[in-house]
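Structure file my_file_27.cif with mmCIF, C-alpha atoms:
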```
data_protein
loop_
_atom_site.group_PDB
_atom_site.id
_atom_site.type_symbol
_atom_site.label_atom_id
_atom_site.label_comp_id
_atom_site.auth_asym_id
_atom_site.auth_seq_id
_atom_site.Cartn_x
_atom_site.Cartn_y
_atom_site.Cartn_z
ATOM 1 C CA MET A 121 70.120 129.753 126.662
ATOM 2 C CA THR A 122 72.353 132.524 127.973
ATOM 3 C CA THR A 123 73.135 133.655 131.507
ATOM 4 C CA LEU A 124 74.216 137.101 132.642
ATOM 5 C CA TYR A 125 76.000 137.375 135.982
ATOM 6 C CA PHE A 126 75.916 140.499 138.109
ATOM 7 C CA LEU A 127 77.864 141.017 141.317
ATOM 8 C CA ASP A 128 75.507 140.959 144.292
ATOM 9 C CA ALA A 129 76.269 144.561 145.260
ATOM 10 C CA ALA A 130 73.999 147.537 145.832
ATOM 11 C CA GLU A 131 75.169 149.559 142.832
ATOM 12 C CA PHE A 132 74.268 146.790 140.368
ATOM 13 C CA THR A 133 70.798 145.983 141.735
ATOM 14 C CA ASP A 134 68.990 148.235 139.260
ATOM 15 C CA VAL A 135 70.862 146.708 136.319
ATOM 16 C CA SER A 136 70.056 143.126 137.246
ATOM 17 C CA ALA A 137 66.452 144.126 137.959
ATOM 18 C CA VAL A 138 65.975 145.567 134.471
ATOM 19 C CA ALA A 139 67.556 142.460 132.946
ATOM 20 C CA ALA A 140 65.302 140.254 135.056
ATOM 21 C CA ALA A 141 62.175 142.148 133.985
ATOM 22 C CA GLN A 142 62.550 140.812 130.459
ATOM 23 C CA PRO A 143 59.744 138.344 129.619
ATOM 24 C CA GLY A 144 60.830 134.775 130.181
ATOM 25 C CA ALA A 145 63.903 135.718 132.175
ATOM 26 C CA ARG A 146 64.732 133.612 135.219
ATOM 27 C CA VAL A 147 66.580 134.994 138.219
ATOM 28 C CA GLU A 148 68.809 132.962 140.488
ATOM 29 C CA ARG A 149 71.038 133.937 143.392
ATOM 30 C CA LEU A 150 74.412 132.260 143.611
ATOM 31 C CA PRO A 151 76.977 133.026 146.298
ATOM 32 C CA GLY A 152 78.065 136.576 145.540
ATOM 33 C CA TYR A 153 76.096 136.907 142.292
ATOM 34 C CA VAL A 154 72.654 137.463 140.832
ATOM 35 C CA THR A 155 72.123 135.645 137.549
ATOM 36 C CA VAL A 156 69.567 136.291 134.834
ATOM 37 C CA THR A 157 68.965 133.465 132.363
ATOM 38 C CA ALA A 158 66.905 133.574 129.175
ATOM 39 C CA ASP A 159 66.382 131.285 126.209
ATOM 40 C CA GLY A 160 66.793 134.101 123.723
ATOM 41 C CA PRO A 161 68.738 137.368 123.635
ATOM 42 C CA VAL A 162 68.874 139.508 126.766
ATOM 43 C CA VAL A 163 68.617 143.257 126.270
ATOM 44 C CA VAL A 164 69.143 145.793 129.056
ATOM 45 C CA ASP A 165 68.248 149.421 128.345
ATOM 46 C CA ARG A 166 70.791 151.636 130.118
ATOM 47 C CA ARG A 167 68.415 154.502 130.662
ATOM 48 C CA ALA A 168 65.866 152.179 132.249
ATOM 49 C CA THR A 169 68.443 151.166 134.841
ATOM 50 C CA GLY A 170 69.124 154.760 135.880
ATOM 51 C CA VAL A 171 72.695 153.943 136.848
ATOM 52 C CA ARG A 172 75.653 156.239 136.221
ATOM 53 C CA HIS A 173 78.126 155.437 133.475
ATOM 54 C CA ALA A 174 80.887 154.100 135.742
ATOM 55 C CA VAL A 175 78.481 151.550 137.195
ATOM 56 C CA TRP A 176 76.887 150.704 133.860
ATOM 57 C CA TYR A 177 80.126 149.783 132.156
ATOM 58 C CA SER A 178 81.294 147.527 134.998
ATOM 59 C CA ALA A 179 77.954 145.891 135.752
ATOM 60 C CA LEU A 180 78.452 142.727 133.741
ATOM 61 C CA ALA A 181 80.478 140.265 135.826
ATOM 62 C CA ALA A 182 80.294 137.214 133.598
ATOM 63 C CA VAL A 183 78.466 135.724 130.607
ATOM 64 C CA GLY A 184 77.535 132.086 130.304
ATOM 65 C CA HIS A 185 76.773 130.634 126.861
ATOM 66 C CA GLY A 186 76.359 134.049 125.331
ATOM 67 C CA ARG A 187 78.003 136.649 123.176
ATOM 68 C CA VAL A 188 77.928 140.357 123.954
ATOM 69 C CA VAL A 189 76.856 142.011 120.710
ATOM 70 C CA GLN A 190 76.169 145.478 122.128
ATOM 71 C CA TYR A 191 77.463 147.230 125.236
ATOM 72 C CA ASP A 192 77.326 150.989 124.867
ATOM 73 C CA LYS A 193 75.589 154.072 126.223
ATOM 74 C CA ASP A 194 72.245 152.792 125.001
ATOM 75 C CA ALA A 195 72.050 149.114 125.848
ATOM 76 C CA LEU A 196 73.621 145.830 126.730
ATOM 77 C CA LYS A 197 72.612 143.005 124.433
ATOM 78 C CA VAL A 198 73.730 139.411 124.836
ATOM 79 C CA GLU A 199 72.806 136.719 122.365
ATOM 80 C CA PRO A 200 72.901 133.002 123.061
ATOM 81 C CA VAL A 201 75.647 130.984 121.446
ATOM 82 C CA PRO A 202 74.834 127.462 120.298
ATOM 83 C CA MET B 221 82.984 155.212 157.588
ATOM 84 C CA THR B 222 85.869 152.814 157.810
ATOM 85 C CA SER B 223 88.221 152.960 154.853
ATOM 86 C CA PRO B 224 88.258 149.923 152.519
ATOM 87 C CA THR B 225 91.800 149.204 153.537
ATOM 88 C CA ALA B 226 91.076 149.433 157.239
ATOM 89 C CA GLN B 227 87.967 147.317 156.780
ATOM 90 C CA ARG B 228 89.912 144.635 154.974
ATOM 91 C CA ARG B 229 92.419 144.623 157.770
ATOM 92 C CA VAL B 230 89.607 143.923 160.214
ATOM 93 C CA GLN B 231 88.121 141.227 157.967
ATOM 94 C CA GLU B 232 91.471 139.542 157.603
ATOM 95 C CA ALA B 233 92.121 139.540 161.315
ATOM 96 C CA GLY B 234 91.339 136.167 162.794
ATOM 97 C CA PRO B 235 89.962 135.482 166.273
ATOM 98 C CA GLY B 236 93.354 136.216 167.746
ATOM 99 C CA GLY B 237 93.683 139.402 165.727
ATOM 100 C CA THR B 238 96.259 137.940 163.359
ATOM 101 C CA ALA B 239 95.825 138.963 159.734
ATOM 102 C CA SER B 240 96.460 136.628 156.814
ATOM 103 C CA HIS B 241 99.516 138.646 155.783
ATOM 104 C CA PRO B 242 101.944 140.926 157.579
ATOM 105 C CA VAL B 243 101.783 143.961 155.276
ATOM 106 C CA ARG B 244 100.207 147.071 156.807
ATOM 107 C CA GLY B 245 99.630 149.619 154.094
ATOM 108 C CA ILE B 246 102.237 151.693 152.316
ATOM 109 C CA ASN B 247 105.360 152.590 154.257
ATOM 110 C CA HIS B 248 106.133 155.132 151.560
ATOM 111 C CA MET B 249 105.742 155.605 147.854
ATOM 112 C CA ALA B 250 108.558 157.638 146.307
ATOM 113 C CA PHE B 251 108.961 159.733 143.167
ATOM 114 C CA PRO B 252 111.683 162.011 141.833
ATOM 115 C CA THR B 253 110.803 165.703 141.721
ATOM 116 C CA PHE B 254 112.338 168.516 139.696
ATOM 117 C CA ASP B 255 110.169 171.118 141.396
ATOM 118 C CA PRO B 256 110.670 170.661 145.140
ATOM 119 C CA ALA B 257 109.310 174.121 145.961
ATOM 120 C CA GLY B 258 106.087 173.468 144.072
ATOM 121 C CA THR B 259 105.887 169.984 145.528
ATOM 122 C CA ILE B 260 106.147 171.263 149.091
ATOM 123 C CA ARG B 261 103.568 173.962 148.403
ATOM 124 C CA PHE B 262 101.174 171.470 146.824
ATOM 125 C CA TYR B 263 101.288 168.740 149.428
ATOM 126 C CA ARG B 264 102.010 170.711 152.593
ATOM 127 C CA ASP B 265 100.211 173.977 151.941
ATOM 128 C CA VAL B 266 97.404 173.100 149.523
ATOM 129 C CA LEU B 267 96.467 169.585 150.642
ATOM 130 C CA GLY B 268 97.612 170.160 154.219
ATOM 131 C CA LEU B 269 99.740 167.031 154.469
ATOM 132 C CA PRO B 270 102.504 167.642 156.997
ATOM 133 C CA LEU B 271 106.139 167.001 156.257
ATOM 134 C CA VAL B 272 107.134 164.410 158.822
ATOM 135 C CA GLN B 273 110.670 163.514 157.785
ATOM 136 C CA THR B 274 113.443 164.796 155.547
ATOM 137 C CA MET B 275 116.934 163.538 154.841
ATOM 138 C CA GLN B 276 119.756 165.453 153.164
ATOM 139 C CA VAL B 277 122.170 162.939 151.795
ATOM 140 C CA LYS B 278 125.676 163.203 150.347
ATOM 141 C CA ALA B 279 125.968 161.126 147.212
ATOM 142 C CA TRP B 280 127.330 157.649 147.819
ATOM 143 C CA GLY B 281 127.152 154.281 146.122
ATOM 144 C CA PRO B 282 126.789 154.099 142.339
ATOM 145 C CA GLU B 283 128.600 156.774 140.340
ATOM 146 C CA TYR B 284 125.359 158.121 138.877
ATOM 147 C CA GLN B 285 124.177 159.011 142.363
ATOM 148 C CA ARG B 286 123.844 162.706 143.267
ATOM 149 C CA ASP B 287 123.484 164.676 146.480
ATOM 150 C CA PHE B 288 119.808 164.709 147.323
ATOM 151 C CA VAL B 289 117.034 165.673 149.673
ATOM 152 C CA HIS B 290 114.466 163.001 150.453
ATOM 153 C CA PHE B 291 111.247 164.280 151.993
ATOM 154 C CA PHE B 292 108.136 162.579 153.318
ATOM 155 C CA PHE B 293 104.546 163.786 153.592
ATOM 156 C CA ASP B 294 102.127 162.109 155.980
ATOM 157 C CA ILE B 295 99.156 160.636 154.068
ATOM 158 C CA GLY B 296 97.474 159.022 157.075
ATOM 159 C CA ASN B 297 97.678 155.585 158.655
ATOM 160 C CA ALA B 298 101.377 156.354 159.244
ATOM 161 C CA ASP B 299 101.862 155.977 155.466
ATOM 162 C CA CYS B 300 103.924 158.512 153.524
ATOM 163 C CA LEU B 301 104.252 159.980 150.061
ATOM 164 C CA ALA B 302 107.923 160.736 149.477
ATOM 165 C CA PHE B 303 110.032 162.631 146.939
ATOM 166 C CA PHE B 304 113.665 162.782 145.950
ATOM 167 C CA TYR B 305 115.182 166.065 144.846
ATOM 168 C CA TYR B 306 118.564 165.398 143.236
ATOM 169 C CA PHE B 307 120.843 168.452 143.083
ATOM 170 C CA GLY B 308 122.039 169.110 139.558
ATOM 171 C CA GLN B 309 119.865 166.499 137.881
ATOM 172 C CA GLU B 310 118.360 167.563 134.555
ATOM 173 C CA PRO B 311 114.562 167.340 134.544
ATOM 174 C CA TYR B 312 113.128 164.354 132.740
ATOM 175 C CA ALA B 313 109.615 163.714 131.512
ATOM 176 C CA ASP B 314 108.254 160.826 129.516
ATOM 177 C CA GLU B 315 106.707 162.800 126.658
ATOM 178 C CA ASN B 316 105.702 159.681 124.760
ATOM 179 C CA LEU B 317 103.477 158.113 127.374
ATOM 180 C CA PRO B 318 100.138 157.330 125.695
ATOM 181 C CA PRO B 319 97.170 159.085 127.379
ATOM 182 C CA LEU B 320 95.592 155.790 128.395
ATOM 183 C CA LEU B 321 98.703 154.697 130.264
ATOM 184 C CA ASP B 322 99.154 158.161 131.732
ATOM 185 C CA LEU B 323 95.694 157.938 133.314
ATOM 186 C CA GLY B 324 96.315 154.396 134.467
ATOM 187 C CA ARG B 325 99.365 155.439 136.439
ATOM 188 C CA HIS B 326 98.209 157.490 139.406
ATOM 189 C CA VAL B 327 98.203 157.812 143.165
ATOM 190 C CA ALA B 328 94.844 157.593 144.955
ATOM 191 C CA LEU B 329 94.615 159.076 148.429
ATOM 192 C CA HIS B 330 91.764 158.049 150.707
ATOM 193 C CA VAL B 331 89.428 160.290 152.686
ATOM 194 C CA ASP B 332 86.559 159.007 154.802
ATOM 195 C CA THR B 333 83.718 161.416 154.097
ATOM 196 C CA LEU B 334 82.030 163.630 151.504
ATOM 197 C CA ALA B 335 82.883 166.637 153.677
ATOM 198 C CA ASP B 336 86.549 165.657 153.573
ATOM 199 C CA LEU B 337 86.446 165.349 149.776
ATOM 200 C CA ASP B 338 84.629 168.663 149.360
ATOM 201 C CA GLY B 339 87.086 170.323 151.713
ATOM 202 C CA LEU B 340 90.106 169.205 149.721
ATOM 203 C CA GLN B 341 88.447 170.171 146.443
ATOM 204 C CA LYS B 342 87.868 173.645 147.883
ATOM 205 C CA ARG B 343 91.518 173.946 148.907
ATOM 206 C CA ILE B 344 92.658 172.860 145.434
ATOM 207 C CA VAL B 345 90.381 175.290 143.620
ATOM 208 C CA GLU B 346 91.162 178.176 145.976
ATOM 209 C CA ALA B 347 94.869 177.588 145.344
ATOM 210 C CA GLY B 348 94.193 178.298 141.679
ATOM 211 C CA LEU B 349 94.828 174.728 140.574
ATOM 212 C CA THR B 350 92.749 172.972 137.955
ATOM 213 C CA LEU B 351 90.556 170.150 139.120
ATOM 214 C CA ASP B 352 90.809 167.602 136.297
ATOM 215 C CA MET B 353 87.684 165.611 137.076
ATOM 216 C CA ARG B 354 85.152 164.691 139.736
ATOM 217 C CA VAL B 355 83.783 161.195 139.121
ATOM 218 C CA MET B 356 81.308 158.886 140.837
ATOM 219 C CA HIS B 357 82.927 155.492 140.283
ATOM 220 C CA GLU B 358 81.483 152.141 141.349
ATOM 221 C CA THR B 359 82.470 152.206 145.005
ATOM 222 C CA VAL B 360 84.283 155.525 145.388
ATOM 223 C CA GLU B 361 83.737 159.159 144.447
ATOM 224 C CA SER B 362 86.947 160.794 143.298
ATOM 225 C CA ILE B 363 88.515 164.116 142.412
ATOM 226 C CA TYR B 364 91.643 164.338 140.277
ATOM 227 C CA VAL B 365 94.389 166.937 140.173
ATOM 228 C CA ARG B 366 97.929 167.052 138.768
ATOM 229 C CA ASP B 367 100.713 167.691 141.256
ATOM 230 C CA PRO B 368 103.681 169.895 140.203
ATOM 231 C CA ASN B 369 105.460 166.757 138.984
ATOM 232 C CA ASN B 370 102.582 165.921 136.621
ATOM 233 C CA ILE B 371 101.656 162.960 138.805
ATOM 234 C CA LEU B 372 97.926 162.376 138.615
ATOM 235 C CA ILE B 373 96.600 162.534 142.177
ATOM 236 C CA GLU B 374 93.188 161.006 142.834
ATOM 237 C CA ILE B 375 91.443 161.651 146.118
ATOM 238 C CA ALA B 376 88.677 159.145 146.812
ATOM 239 C CA ARG B 377 85.953 158.690 149.391
ATOM 240 C CA PRO B 378 84.075 155.401 149.760
ATOM 241 C CA LEU B 379 80.471 155.137 148.535
ATOM 242 C CA ARG B 380 79.970 151.836 150.337
ATOM 243 C CA GLU B 381 81.983 149.371 152.324
ATOM 244 C CA LEU B 382 83.521 146.413 150.565
ATOM 245 C CA THR B 383 81.800 143.082 151.135
ATOM 246 C CA ALA B 384 82.656 139.402 151.062
ATOM 247 C CA ALA B 385 81.054 139.294 147.589
ATOM 248 C CA ASP B 386 83.619 141.828 146.353
ATOM 249 C CA ALA B 387 86.476 139.696 147.667
ATOM 250 C CA LEU B 388 84.965 136.516 146.218
ATOM 251 C CA ASP B 389 84.537 138.155 142.822
ATOM 252 C CA ALA B 390 88.094 139.495 142.920
ATOM 253 C CA GLY B 391 89.452 135.992 143.391
ATOM 254 C CA ILE B 392 87.298 134.540 140.617
ATOM 255 C CA THR B 393 88.152 137.382 138.231
ATOM 256 C CA ALA B 394 91.865 136.952 138.871
ATOM 257 C CA GLN B 395 91.650 133.209 138.266
ATOM 258 C CA ALA B 396 89.663 133.765 135.075
ATOM 259 C CA LEU B 397 92.241 136.265 133.854
ATOM 260 C CA LEU B 398 95.094 133.855 134.569
ATOM 261 C CA ASP B 399 93.229 131.119 132.701
ATOM 262 C CA VAL B 400 92.532 133.390 129.720
ATOM 263 C CA LEU B 401 96.160 134.538 129.581
ATOM 264 C CA ALA B 402 97.340 130.929 129.672
ATOM 265 C CA GLY B 403 94.947 129.898 126.894
ATOM 266 C CA ASP B 404 95.526 129.778 123.175
ATOM 267 C CA GLY B 405 93.154 132.563 122.196
ATOM 268 C CA GLU B 406 93.653 136.302 122.152
ATOM 269 C CA PRO B 407 92.968 137.666 125.653
ATOM 270 C CA SER B 408 89.731 139.672 125.688
ATOM 271 C CA LEU B 409 86.985 140.820 127.983
ATOM 272 C CA ASP B 410 84.611 138.443 126.203
ATOM 273 C CA ALA B 411 86.901 135.524 127.029
ATOM 274 C CA LEU B 412 87.137 136.712 130.641
ATOM 275 C CA TRP B 413 83.357 136.956 131.005
ATOM 276 C CA ALA B 414 82.942 133.444 129.616
ATOM 277 C CA ARG B 415 85.633 131.918 131.833
ATOM 278 C CA LYS B 416 84.212 133.646 134.904
ATOM 279 C CA ALA B 417 80.805 132.139 134.191
ATOM 280 C CA GLU B 418 82.406 128.676 134.079
ATOM 281 C CA LEU B 419 84.231 129.228 137.359
ATOM 282 C CA ILE B 420 81.162 130.627 139.113
ATOM 283 C CA GLY B 421 79.098 127.695 137.848
ATOM 284 C CA SER B 422 81.676 125.181 139.067
ATOM 285 C CA ARG B 423 81.809 126.769 142.487
ATOM 286 C CA ALA B 424 78.029 126.826 142.781
ATOM 287 C CA ALA B 425 77.791 123.173 141.751
ATOM 288 C CA ALA B 426 80.357 122.288 144.392
ATOM 289 C CA GLY B 427 78.517 124.317 147.005
ATOM 290 C CA GLN B 428 81.441 126.659 147.465
ATOM 291 C CA GLY B 429 81.841 130.312 148.007
ATOM 292 C CA ALA B 430 79.015 131.490 150.250
ATOM 293 C CA PRO B 431 80.239 134.973 151.172
#
```
Written as structure tokens, that's how I'd like the structure from this file.
Amino acid sequence: MTTLYFLDAAEFTDVSAVAAAQPGARVERLPGYVTVTADGPVVVDRRATGVRHAVWYSALAAVGHGRVVQYDKDALKVEPVP
Amino acid sequence: MTSPTAQRRVQEAGPGGTASHPVRGINHMAFPTFDPAGTIRFYRDVLGLPLVQTMQVKAWGPEYQRDFVHFFFDIGNADCLAFFYYFGQEPYADENLPPLLDLGRHVALHVDTLADLDGLQKRIVEAGLTLDMRVMHETVESIYVRDPNNILIEIARPLRELTAADALDAGITAQALLDVLAGDGEPSLDALWARKAELIGSRAAAGQGAP
């Protein structure tokens, strides 16, 4: 199970929304953050988010129990770590 | 729109109007210049920042000191950007500064509106200067230009106001960075992300941090 944390700010809303749209993903709001938790890998397609590059590359605030295996112009992919 | 700095000042002011710290912006930020004529033209005539104080000083103190002119441009909020012109000093430039560090070392001036930013861009372009970049960052939109001293000048306008969530995240990020630096492993963004998740989780479990 891995958790992605996004700052609860307007510019990151579209990123967290695309992450949350993944089947099985669970969304929670913590003070200051939106979290998306999934049992398996979480993949966020950059183009689906529609955000500009500066926002895309600073969108990920924290990662719980996961390993970022891809974070480039195409996608963010985080895999669970045992 | 209120500038981020001004907004923070308001947020930090308590019921009696007393902020959590006594610092009020930048009194002045100073750099040596080997091209005072170009510097005055750039800041006063191109950007329109008035000269508000100059000093002409006979060398005194350490033996390496030289006669100099110290001049101050108003950059708003009663803050100043200042330069030293030392008579007879050979020009110096750090030719070995890696590009990454060169970009990381810059001065960012604040304007309130898109019209202000566009207006300064127009003045820069009409003066025949090269606009390095125009970038939509996370919370500011910025233009970049080199001054005659090769100082990278950023001019930024806010895209949104800073929130309590920004301040909360700044504190957590700083703590995570300190923890990562103090740890045994190689500091990395992956380590920072992981430590931040732990800190955020701890705070949530303790019911802390509602912004």
Report as a PDB file with C-alpha atoms, in the frame of the given file the set of chain A residues whose atoms approach chain B to within 9 Å, with distances computed over only C-alpha atoms.
```pdb
ATOM      1  CA  THR A 123      73.135 133.655 131.507  1.00  0.00           C
ATOM      2  CA  LEU A 124      74.216 137.101 132.642  1.00  0.00           C
ATOM      3  CA  TYR A 125      76.000 137.375 135.982  1.00  0.00           C
ATOM      4  CA  LEU A 127      77.864 141.017 141.317  1.00  0.00           C
ATOM      5  CA  ASP A 128      75.507 140.959 144.292  1.00  0.00           C
ATOM      6  CA  ALA A 129      76.269 144.561 145.260  1.00  0.00           C
ATOM      7  CA  ALA A 130      73.999 147.537 145.832  1.00  0.00           C
ATOM      8  CA  GLU A 131      75.169 149.559 142.832  1.00  0.00           C
ATOM      9  CA  LEU A 150      74.412 132.260 143.611  1.00  0.00           C
ATOM     10  CA  PRO A 151      76.977 133.026 146.298  1.00  0.00           C
ATOM     11  CA  GLY A 152      78.065 136.576 145.540  1.00  0.00           C
ATOM     12  CA  TYR A 153      76.096 136.907 142.292  1.00  0.00           C
ATOM     13  CA  ARG A 172      75.653 156.239 136.221  1.00  0.00           C
ATOM     14  CA  HIS A 173      78.126 155.437 133.475  1.00  0.00           C
ATOM     15  CA  ALA A 174      80.887 154.100 135.742  1.00  0.00           C
ATOM     16  CA  VAL A 175      78.481 151.550 137.195  1.00  0.00           C
ATOM     17  CA  TRP A 176      76.887 150.704 133.860  1.00  0.00           C
ATOM     18  CA  SER A 178      81.294 147.527 134.998  1.00  0.00           C
ATOM     19  CA  LEU A 180      78.452 142.727 133.741  1.00  0.00           C
ATOM     20  CA  ALA A 181      80.478 140.265 135.826  1.00  0.00           C
ATOM     21  CA  ALA A 182      80.294 137.214 133.598  1.00  0.00           C
ATOM     22  CA  VAL A 183      78.466 135.724 130.607  1.00  0.00           C
ATOM     23  CA  GLY A 184      77.535 132.086 130.304  1.00  0.00           C
ATOM     24  CA  HIS A 185      76.773 130.634 126.861  1.00  0.00           C
ATOM     25  CA  GLY A 186      76.359 134.049 125.331  1.00  0.00           C
ATOM     26  CA  ARG A 187      78.003 136.649 123.176  1.00  0.00           C
ATOM     27  CA  VAL A 188      77.928 140.357 123.954  1.00  0.00           C
TER      28      VAL A 188
END
```
- Message: Env of Ala145 of chain A: 9 Å cut, atoms = all atoms listed in the file, seq-sep filter 3 positions within chain, self excluded. Answer as a PyMOL selection string.
- Response: chain A and resi 139-142+156-159+162
- Selected residue of minimal separation from Pro143 of chain A among A:Asp165, A:Gly170, A:Val201, A:Gly160, counting all atoms listed in the file: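 Closest candidate: A:Gly160.
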- Where does the PyMOL selection byres ((chain B and resi 251) around 6) land in this file, that is, which residues does it pick, as a PyMOL selection string? chain B and resi 250+252+303
- Message: For this structure, which residues satisfy the selection - the PyMOL selection byres ((chain B and resi 304) around 12) - when it is evaluated on the file as given? I want them as an MDAnalysis selection string.
- Response: chainID B and resid 249:256 259:260 274:277 285:293 301:303 305:307 309 369
- Task: Work out how far apart atom CA of Ala394 of chain B and atom CA of Glu406 of chain B are and give it in Å to one decimal.
- Result: 16.8 Å
- Rounded to one decimal in Å, what is the spacing between atom CA of Asp352 of chain B and atom CA of Ala179 of chain A?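 Distance between the two atoms: 25.2 Å.
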- atom CA of Thr350 of chain B to atom CA of Asp314 of chain B: how many Å, to one decimal?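 Atom-to-atom, atom CA of Thr350 of chain B and atom CA of Asp314 of chain B are spaced 21.4 Å apart.
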- Query: Which of these, A:Pro161, A:Val171, A:Val154, A:Asp192, has the shortest distance to Met121 of chain A once you count only C-alpha atoms?
  - Reply: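 Checking each of A:Pro161, A:Val171, A:Val154, A:Asp192 against Met121 of chain A, counting only C-alpha atoms, the winner is A:Pro161.
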- Message: Evaluated on this file, the PyMOL selection byres ((chain A and resi 191) around 10) picks out some residues - which ones are they, written as a list of chain:residue names?
- Response: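 So the PyMOL selection byres ((chain A and resi 191) around 10) ends up selecting A:Val163, A:Val164, A:Asp165, A:Arg166, A:Trp176, A:Tyr177, A:Leu180, A:Val188, A:Val189, A:Gln190, A:Asp192, A:Lys193, A:Asp194, A:Ala195, A:Leu196, A:Lys197, A:Val198.
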Go ahead and fit an axis-aligned box to every listed atom of segment 345-349 of chain B plus 8 Å each side, and pass me the centre and edge lengths in Å, one decimal, as JSON.
```
{"center_x": 92.6, "center_y": 176.5, "center_z": 143.3, "size_x": 20.5, "size_y": 19.6, "size_z": 21.4}
```
- Task: Kindly indicate which residue among B:Met353, B:Ala376, B:Ala347, B:Ala313 lies nearest to Val327 of chain B, using all atoms listed in the file for the distances.
- Result: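 Checking each of B:Met353, B:Ala376, B:Ala347, B:Ala313 against Val327 of chain B, counting all atoms listed in the file, the winner is B:Ala376.
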